[in-house]
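Undergrad: Before anything else, here's the structure in question.
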Amino acid sequence: MSSSTSQPPPSLAAASSSFEAEHVHVVYDQIALDFSRTRHTRWPFVSQFLASLPAGSVVLDAGCGNGKYLGCNSVLPCEQPGGREGGAWPKADPATSASSKKGKGKVDALNESPTLASPDQIPQTTARAAEDEPRILPVGFDMSLGLLRIASSKGHETIRGDCFDMSMIRPAVFDHAISIATIHHFATPERRMQSIKQIILSVLSPRPSPSTPSTSAPPTSRILIVVWALEQDPALAGEGSARKRQGGKKGAIAVSSLEATGASSPGDEQSHLSDVKADDQEQDVFVPWELQAPRQPRAPKLSSLSKADRAARLAQEAEEAAQKAAAPPPEPKPTFNRYYHLFRHYELSALVRWAAKSVGGRFVQPEGYGLVEESAEEQLEGVDSALEKVQLGAERGGWELVVELVEERWERENWVGEIGIRWEKKDVAV
């Protein structure tokens with residue numbers, strides 16, 4: 001069975017790829033060192049997800065950047081924040097823990113994040129101890145050579161490639177996967193769906209044989225995806241917010257991804273996102289990155305200097321101030337525009353459903369969830385030609401692939417989706 005949505009039109013695919021190369025891949029290579037200096041604090045709910053995975057898991061980090069999350073619970077002797085080694089995450093000081101700090105994009109690890117089954121009942125020391133334990137093997141995957149060099153220099157395992165095409169990786173080589181702040185860099189709905197599909201395939205175990213009992217089904221693979229949200233928190237959308245689209249310091253600049261690539265329309269691919277309502281808010285934006293000069297070592301305090309050194313220091317500062325006043329205006333700092341697609345509510349869920357269809361799976365969503373379910377006939381229409389209907393349970397004693405949306409939730413300017421991938425035994429009457 002052929003699928004009209006399995007591949008984008010060649011002209012659109014080429015234009016989108018070129019657009020991403022110019023406004024994502026090249027940009028991150030140019031700003032890698034500067035960008036990496038600002039990417040050191042882990043989001044607690046991501047650390048909790050990784051800490052909850054079974055010991056011995058091999059975990060894909062699709063879009064790993066500088067490897068910020070590759071050290072979580074890692075069995076490798078890798079560098080950690082603050083220069084530590086091994087998989088240990090720093091012990092929390094109750095006075096300075098995540099629950100007492102509110103930073104942009106951060107959440108209270110224990111009181112706000114629903115990732116753990118009952119976080120309010122787990123003592124903080126116990127939760128932190130779980131995050132300290134080296135127990136999984138994370139592997140990073142990213143297109144930016146500059147960021148991968150930084151991740152590799154810390155002792156992490158990395159692979160270079162585009163999350164749109166992970167065909168160089170053997171299917172099912174990973175047990176679980178995360179993709180943090182990556183999929184929003186793809187320029188079209190089809191390419192965003194394809195990246196999710198690739199992540200699903202990377203953790204999808206082979207279909208069990210018909211004789212395999214249901215009690216011997218492969219364990220469920222878990223996927224955590226985080227993307228930037230269009231919906232903003234007014235308390236966070238101040239002058240410094242990169243997501244702010246009107247005015248402000250380094251705020252996002254509205255663009256149209258299709259106009260920028262020279263393409264006319266994505267055709268029928270938008271039909272898979274029919275649950276996403278459009279309004280006048282721009283979802284496709286450029287987020288400027290102003291390259292900063294390397295930080296100079298902090299000079300000693302004047303009070304710590306001798307009288308002679310203090311006088312010399314003041315004279316030097318006065319001379320430097322006079323030279324600065326007489327000098328011509330400095331050249332503007334280099335600014336690079338990174339492309340982002342800001343997700344609406346249900347948009348990530350709709351892409352997961354579309355990806356489930358493309359791999360021949362049945363999409364399952366939480367009871368009462370707002371995304372309209374597709375009929376069985378609609379699911380079959382989108383199956384790639386290389387996949388057999390038996391994957392949908394059309395054969396007696398066959399196995400059905402289930403792609404379950406565990407939840408899609410909003411975490412302070414991000415949409416977070418957790419997905420379960422599993423095989424279910426399904427008997428179909430003759």
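Residues in the structure tokens are named by chain (A, B, ... in the order shown) and by number from 1 within that chain; ligands are numbered from 1 in the order shown.
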May I have the residues within 6 Å of Leu147 (chain A) as a PDB file with all heavy atoms, in the first residue's frame, using only C-alpha atoms and disregarding those fewer than 4 positions away in the same chain?
TA:
ATOM      1  N   ALA A  32      29.085  27.352  18.777  1.00  0.00           N
ATOM      2  CA  ALA A  32      29.165  26.182  19.667  1.00  0.00           C
ATOM      3  C   ALA A  32      29.792  26.498  21.022  1.00  0.00           C
ATOM      4  O   ALA A  32      29.220  26.195  22.072  1.00  0.00           O
ATOM      5  CB  ALA A  32      29.921  25.052  18.975  1.00  0.00           C
ATOM      6  N   GLY A  65      23.438  18.078  21.629  1.00  0.00           N
ATOM      7  CA  GLY A  65      24.174  19.315  21.846  1.00  0.00           C
ATOM      8  C   GLY A  65      25.523  19.061  22.502  1.00  0.00           C
ATOM      9  O   GLY A  65      26.280  18.187  22.079  1.00  0.00           O
ATOM     10  N   ASN A  66      25.811  19.807  23.560  1.00  0.00           N
ATOM     11  CA  ASN A  66      27.106  19.683  24.237  1.00  0.00           C
ATOM     12  C   ASN A  66      27.146  18.540  25.248  1.00  0.00           C
ATOM     13  O   ASN A  66      28.099  18.401  25.998  1.00  0.00           O
ATOM     14  CB  ASN A  66      27.477  21.000  24.934  1.00  0.00           C
ATOM     15  CG  ASN A  66      26.568  21.304  26.122  1.00  0.00           C
ATOM     16  OD1 ASN A  66      25.522  20.677  26.291  1.00  0.00           O
ATOM     17  ND2 ASN A  66      26.949  22.277  26.935  1.00  0.00           N
TER      18      ASN A  66
END
Undergrad: Compare A:Gly140, A:Pro329, A:Pro288, A:Gly368 by their minimum atom-to-atom distance to Ala252 (chain A), counting only C-alpha atoms, and give me the closest one.
TA: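 Closest to Ala252 (chain A) of all the choices is A:Pro288.
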Undergrad: Near Tyr340 (chain A), counting only C-alpha atoms, which residues have an atom at most 12 Å away, once you skip same-chain residues fewer than 2 positions from it, shown as number ranges by chain?
TA: A: 19-20, 23-24, 181-188, 192, 227-230, 242-243, 245, 252-257, 282-288, 337-338, 342-343
